[in-house]
file upload12.tsv (TSV, C-alpha atoms)
chain	number	residue	atom	x	y	z
A	3	MET	CA	-4.02	14.88	-13.82
A	4	GLY	CA	-2.48	14.11	-10.45
A	5	VAL	CA	-2.32	11.01	-8.29
A	6	VAL	CA	-4.14	9.76	-5.22
A	7	THR	CA	-2.12	7.26	-3.20
A	8	VAL	CA	-4.08	5.01	-0.86
A	9	SER	CA	-2.34	3.22	1.99
A	10	ALA	CA	-4.75	0.78	3.62
A	11	SER	CA	-4.15	-1.55	6.52
A	12	PHE	CA	-5.63	-5.05	6.40
A	13	GLY	CA	-9.43	-4.96	6.71
A	14	ALA	CA	-9.67	-1.20	6.11
A	15	GLY	CA	-11.41	-1.59	2.74
A	16	GLY	CA	-8.69	-0.31	0.46
A	17	ALA	CA	-9.53	-2.78	-2.32
A	18	GLU	CA	-13.09	-1.43	-2.48
A	19	ILE	CA	-12.53	2.25	-1.70
A	20	ALA	CA	-9.54	2.99	-3.95
A	21	PRO	CA	-11.13	1.84	-7.25
A	22	ALA	CA	-14.35	3.66	-6.31
A	23	VAL	CA	-12.35	6.86	-5.85
A	24	ALA	CA	-10.71	6.34	-9.23
A	25	GLU	CA	-14.09	5.90	-10.90
A	26	ARG	CA	-15.49	9.03	-9.27
A	27	LEU	CA	-12.49	11.10	-10.33
A	28	GLY	CA	-12.35	9.62	-13.81
A	29	LEU	CA	-8.78	8.45	-13.27
A	30	PRO	CA	-7.10	5.10	-13.96
A	31	PHE	CA	-6.85	2.67	-11.07
A	32	HIS	CA	-3.39	1.16	-10.70
A	33	ASP	CA	-3.13	-2.09	-8.80
A	34	ARG	CA	-2.48	-5.34	-10.64
A	35	VAL	CA	-1.03	-3.55	-13.67
A	36	ILE	CA	2.03	-2.44	-11.67
A	37	PRO	CA	3.40	-5.95	-10.98
A	38	ALA	CA	2.86	-6.79	-14.66
A	39	GLN	CA	4.87	-3.77	-15.78
A	40	VAL	CA	7.62	-4.52	-13.30
A	41	ALA	CA	7.75	-8.15	-14.44
A	42	GLY	CA	8.23	-7.05	-18.03
A	43	ARG	CA	11.11	-4.78	-17.11
A	44	LEU	CA	12.83	-7.37	-14.96
A	45	GLY	CA	12.24	-10.18	-17.44
A	46	VAL	CA	10.47	-12.38	-14.89
A	47	PRO	CA	7.04	-14.04	-14.94
A	48	VAL	CA	4.15	-11.91	-13.71
A	49	ALA	CA	3.50	-14.47	-10.97
A	50	GLU	CA	6.99	-13.88	-9.60
A	51	ALA	CA	6.49	-10.11	-9.60
A	52	GLU	CA	3.15	-10.53	-7.87
A	53	ALA	CA	4.79	-12.72	-5.26
A	54	ASN	CA	7.10	-9.79	-4.51
A	55	ASP	CA	4.34	-7.22	-4.59
A	56	GLU	CA	4.06	-5.39	-1.27
A	57	THR	CA	0.27	-5.46	-1.30
A	58	ILE	CA	0.02	-9.26	-1.42
A	59	THR	CA	0.07	-10.80	2.01
A	60	ARG	CA	1.99	-13.96	1.18
A	61	GLY	CA	4.62	-12.04	-0.75
A	62	LEU	CA	4.90	-9.58	2.11
A	63	TRP	CA	5.34	-12.29	4.70
A	64	ARG	CA	7.94	-14.00	2.54
A	65	LEU	CA	9.86	-10.73	2.48
A	66	VAL	CA	9.73	-10.48	6.26
A	67	THR	CA	10.94	-14.04	6.75
A	68	SER	CA	13.77	-13.42	4.28
A	69	LEU	CA	15.10	-10.59	6.45
A	70	GLY	CA	17.43	-10.93	9.39
A	71	THR	CA	16.72	-10.19	13.03
A	72	MET	CA	19.10	-7.28	13.67
A	73	PRO	CA	17.08	-4.08	14.37
A	74	ASP	CA	17.64	-1.13	12.07
A	75	PRO	CA	17.60	2.50	13.32
A	76	VAL	CA	13.81	2.81	13.05
A	77	GLY	CA	12.85	-0.54	14.45
A	78	GLY	CA	12.72	-2.62	11.27
A	79	VAL	CA	15.09	-5.41	10.36
A	80	LEU	CA	18.24	-5.63	8.29
A	81	PRO	CA	18.46	-8.04	5.35
A	82	THR	CA	20.52	-11.18	5.30
A	83	ALA	CA	19.31	-12.68	2.01
A	84	GLY	CA	17.32	-11.86	-1.06
A	85	LEU	CA	18.06	-8.13	-1.03
A	86	PRO	CA	19.30	-7.72	-4.62
A	87	ASP	CA	16.06	-9.19	-6.03
A	88	GLU	CA	13.93	-7.18	-3.64
A	89	ARG	CA	15.88	-3.99	-4.38
A	90	ALA	CA	15.52	-4.50	-8.14
A	91	TYR	CA	11.80	-4.97	-7.74
A	92	ARG	CA	11.53	-1.87	-5.55
A	93	VAL	CA	13.52	0.29	-7.98
A	94	GLN	CA	11.38	-0.74	-10.94
A	95	THR	CA	8.19	-0.19	-8.93
A	96	GLU	CA	9.38	3.32	-8.04
A	97	ARG	CA	10.03	4.03	-11.72
A	98	VAL	CA	6.54	2.88	-12.67
A	99	LEU	CA	5.03	5.08	-9.96
A	100	GLY	CA	7.03	8.05	-11.18
A	101	GLU	CA	5.84	7.50	-14.72
A	102	ILE	CA	2.23	7.32	-13.53
A	103	ALA	CA	2.64	10.62	-11.68
A	104	ASP	CA	4.36	12.26	-14.66
A	105	GLY	CA	1.79	10.89	-17.10
A	106	ALA	CA	-1.94	10.32	-16.94
A	107	GLY	CA	-2.03	10.07	-13.14
A	108	GLY	CA	-4.45	7.81	-11.32
A	109	VAL	CA	-5.27	6.20	-8.02
A	110	VAL	CA	-2.58	3.88	-6.65
A	111	LEU	CA	-3.28	1.34	-3.93
A	112	GLY	CA	-0.36	0.34	-1.74
A	113	ARG	CA	3.23	-0.11	-2.93
A	114	ALA	CA	4.46	2.48	-0.41
A	115	ALA	CA	3.41	5.06	-3.01
A	116	ALA	CA	3.06	7.79	-0.39
A	117	MET	CA	6.76	7.38	0.42
A	118	VAL	CA	7.85	7.18	-3.20
A	119	LEU	CA	5.84	10.24	-4.34
A	120	ARG	CA	6.08	12.34	-1.18
A	121	GLY	CA	6.66	16.04	-1.62
A	122	ARG	CA	4.94	16.29	-5.01
A	123	PRO	CA	2.26	19.02	-5.18
A	124	ASP	CA	0.12	17.03	-7.62
A	125	VAL	CA	-0.43	14.06	-5.29
A	126	LEU	CA	-2.90	13.42	-2.47
A	127	HIS	CA	-1.81	10.85	0.10
A	128	VAL	CA	-4.55	8.97	1.95
A	129	ARG	CA	-4.34	6.49	4.81
A	130	LEU	CA	-7.20	4.10	5.62
A	131	ASP	CA	-7.00	2.43	9.00
A	132	GLY	CA	-9.04	1.43	12.05
A	133	HIS	CA	-8.90	-0.44	15.32
A	134	PRO	CA	-7.49	-3.95	14.78
A	135	ASP	CA	-10.65	-5.57	16.16
A	136	ARG	CA	-12.89	-3.63	13.78
A	137	ARG	CA	-10.59	-4.41	10.88
A	138	LEU	CA	-10.77	-8.08	11.84
A	139	ALA	CA	-14.57	-7.96	11.89
A	140	ALA	CA	-14.67	-6.24	8.50
A	141	ALA	CA	-12.30	-8.80	6.99
A	142	LEU	CA	-14.33	-11.67	8.40
A	143	ALA	CA	-17.50	-10.25	6.86
A	144	HIS	CA	-15.77	-9.81	3.51
A	145	LEU	CA	-13.54	-12.89	3.33
A	146	GLY	CA	-15.26	-15.44	5.51
A	147	GLY	CA	-13.20	-18.19	7.11
A	148	SER	CA	-12.38	-18.75	10.74
A	149	GLU	CA	-11.60	-15.90	13.09
A	150	ASP	CA	-8.22	-17.38	13.98
A	151	GLU	CA	-7.19	-17.68	10.33
A	152	VAL	CA	-8.20	-14.12	9.47
A	153	ARG	CA	-6.54	-12.79	12.63
A	154	ARG	CA	-3.28	-14.48	11.62
A	155	GLU	CA	-3.60	-13.02	8.12
A	156	ARG	CA	-4.25	-9.56	9.57
A	157	ASP	CA	-1.25	-9.75	11.87
A	158	ALA	CA	1.01	-11.05	9.10
A	159	ALA	CA	-0.09	-8.34	6.68
A	160	ASP	CA	0.28	-5.56	9.25
A	161	ALA	CA	3.74	-6.71	10.30
A	162	ALA	CA	4.95	-7.25	6.76
A	163	ARG	CA	3.76	-3.91	5.38
A	164	THR	CA	5.40	-2.12	8.28
A	165	ALA	CA	8.64	-4.05	7.79
A	166	TYR	CA	8.68	-3.28	4.05
A	167	VAL	CA	8.29	0.47	4.50
A	168	ARG	CA	10.65	0.67	7.45
A	169	HIS	CA	13.31	-1.32	5.67
A	170	PHE	CA	13.25	0.49	2.34
A	171	TYR	CA	12.08	3.97	3.37
A	172	ARG	CA	13.12	4.21	7.03
A	173	CYS	CA	9.73	5.31	8.32
A	174	ASP	CA	6.52	3.99	9.83
A	175	PRO	CA	3.66	3.75	7.30
A	176	ALA	CA	1.08	4.27	10.06
A	177	GLU	CA	2.33	7.75	11.02
A	178	ALA	CA	-0.19	10.44	10.09
A	179	ARG	CA	2.52	12.89	9.04
A	180	HIS	CA	2.98	11.00	5.77
A	181	TYR	CA	-0.59	11.69	4.60
A	182	HIS	CA	-2.89	14.57	3.79
A	183	LEU	CA	-5.95	12.61	4.89
A	184	VAL	CA	-6.27	9.83	7.48
A	185	VAL	CA	-9.65	8.12	7.78
A	186	ASP	CA	-10.94	5.42	10.09
A	187	SER	CA	-12.72	3.49	7.36
A	188	THR	CA	-14.03	0.92	9.85
A	189	GLU	CA	-16.24	3.55	11.52
A	190	LEU	CA	-17.68	5.15	8.38
A	191	PRO	CA	-19.58	3.64	5.44
A	192	HIS	CA	-17.33	3.14	2.44
A	193	ASP	CA	-19.44	5.53	0.37
A	194	ALA	CA	-18.77	8.27	2.92
A	195	VAL	CA	-15.04	7.54	2.85
A	196	VAL	CA	-15.04	7.74	-0.96
A	197	ASP	CA	-16.80	11.13	-0.71
A	198	LEU	CA	-14.14	12.40	1.71
A	199	VAL	CA	-11.25	11.28	-0.48
A	200	VAL	CA	-12.83	12.67	-3.66
A	201	THR	CA	-13.48	16.02	-1.97
A	202	ALA	CA	-9.87	16.17	-0.72
A	203	ALA	CA	-8.53	15.22	-4.15
A	204	ARG	CA	-10.50	17.97	-5.87
A	205	ALA	CA	-9.38	20.47	-3.24
A	206	ARG	CA	-5.82	19.40	-4.03
A	207	GLY	CA	-6.45	20.06	-7.72
A	208	ILE	CA	-6.60	16.42	-8.77
A	209	VAL	CA	-9.38	16.26	-11.34
A	210	ARG	CA	-9.87	15.04	-14.86
call {"tool": "encode", "arguments": {"input": "upload12.tsv", "output": "structure tokens"}}
result
Amino acid sequence: MGVVTVSASFGAGGAEIAPAVAERLGLPFHDRVIPAQVAGRLGVPVAEAEANDETITRGLWRLVTSLGTMPDPVGGVLPTAGLPDERAYRVQTERVLGEIADGAGGVVLGRAAAMVLRGRPDVLHVRLDGHPDRRLAAALAHLGGSEDEVRRERDAADAARTAYVRHFYRCDPAEARHYHLVVDSTELPHDAVVDLVVTAARARGIVR
């Protein structure tokens, strides 16, 4: 069936756009189910797996603060603690993603899926992004709260996602070369973004 991976920066609407794409394509949407599957394989509570999940801001920031301060070759950081647990979680997540791609397919949000499944002809990689100020405004409209709080959450999420991908995959998740389609989802209505992704997926041969 094929897979659509969706990498979305904070405030870019990934949580709304990705499931809408899945519905339009008639494919499963994979988000919360992945931490649950990983938890079962590692023999840990689902809450612990979710705390390690790279799409959850608090878990991401905990990962960043658990890493050392020595730069790695691509500008990330090298680990000083917690790596075996993080590596085990990453390996199991990669296995789940591979099984999704080899099986019924679907739309996957986050989890560095574009890096894990890169090079496969049956996958479309999508990046949703936008100017930080517009992403902040979108998050404020969606989440509410104070501007300072949401700005801190945005900055933490952006830094942590970048650190995760740089550390484990030695690349920058914001670089366009990793994706077939890059969309500024803060400048277009979400319905239009869904249309673009669905059109690209069908052109790539990803249909049910």
call {"tool": "residues_around", "arguments": {"input": "upload12.tsv", "residues": "His32 in chain A", "least_positions_apart": "5", "cutoff": "10 Å", "atoms": "all atoms listed in the file", "output": "ChimeraX atom specification"}}
result
/A:7,20-21,24,37,99,102,107-112
call {"tool": "atom_distance", "arguments": {"input": "upload12.tsv", "atom1": "CA of Cys173 in chain A", "atom2": "CA of Asp33 in chain A"}}
result
22.7 Å
call {"tool": "closest_residue", "arguments": {"input": "upload12.tsv", "among": "A:Arg154, A:Arg89, A:His127, A:Arg136", "to": "Ala178 in chain A", "atoms": "all atoms listed in the file"}}
result
A:His127
call {"tool": "atom_distance", "arguments": {"input": "upload12.tsv", "atom1": "CA of Asp124 in chain A", "atom2": "CA of Ile208 in chain A"}}
result
6.8 Å
call {"tool": "closest_residue", "arguments": {"input": "upload12.tsv", "among": "A:Leu130, A:Val93, A:Val125, A:Ala115", "to": "Ala17 in chain A", "atoms": "only C-alpha atoms"}}
result
A:Leu130
call {"tool": "closest_residue", "arguments": {"input": "upload12.tsv", "among": "A:Pro134, A:Gly16, A:Gly100, A:Pro123", "to": "Val199 in chain A", "atoms": "all atoms listed in the file"}}
result
A:Gly16
call {"tool": "closest_residue", "arguments": {"input": "upload12.tsv", "among": "A:Leu29, A:Val195, A:Val128, A:Ala205", "to": "Ala176 in chain A", "atoms": "only C-alpha atoms"}}
result
A:Val128
call {"tool": "closest_residue", "arguments": {"input": "upload12.tsv", "among": "A:Gly15, A:Gly146, A:Gly28, A:Gly132", "to": "His192 in chain A", "atoms": "only C-alpha atoms"}}
result
A:Gly15
call {"tool": "closest_residue", "arguments": {"input": "upload12.tsv", "among": "A:Ala22, A:Ala139, A:Arg122, A:Leu145", "to": "Arg206 in chain A", "atoms": "all atoms listed in the file"}}
result
A:Arg122
call {"tool": "atom_distance", "arguments": {"input": "upload12.tsv", "atom1": "CA of Met3 in chain A", "atom2": "CA of Ala106 in chain A"}}
result
5.9 Å
call {"tool": "residues_near_point", "arguments": {"input": "upload12.tsv", "point": "(-10.8, 4.2, 8.5)", "cutoff": "8 Å", "atoms": "all atoms listed in the file", "output": "PyMOL selection string"}}
result
chain A and resi 14+129-132+184-190+195
call {"tool": "residues_around", "arguments": {"input": "upload12.tsv", "residues": "Glu155 in chain A", "least_positions_apart": "3", "cutoff": "12 Å", "atoms": "all atoms listed in the file", "output": "list in words"}}
result
Ser11, Phe12, Gly13, Ile58, Thr59, Arg60, Leu62, Trp63, Pro134, Arg137, Leu138, Ala141, Leu142, Leu145, Gly147, Ser148, Glu149, Asp150, Glu151, Val152, Ala158, Ala159, Asp160, Ala161 and Ala162 of chain A
call {"tool": "axis_aligned_box", "arguments": {"input": "upload12.tsv", "around": "range 156-173 of chain A", "padding_each_side": "4 Å", "output": "JSON"}}
result
{"center_x": 4.5, "center_y": -2.9, "center_z": 7.1, "size_x": 25.6, "size_y": 24.4, "size_z": 17.5}
call {"tool": "residues_around", "arguments": {"input": "upload12.tsv", "residues": "Asp174 in chain A", "least_positions_apart": "6", "cutoff": "7 Å", "atoms": "only C-alpha atoms", "output": "number ranges by chain"}}
result
A: 164, 167-168
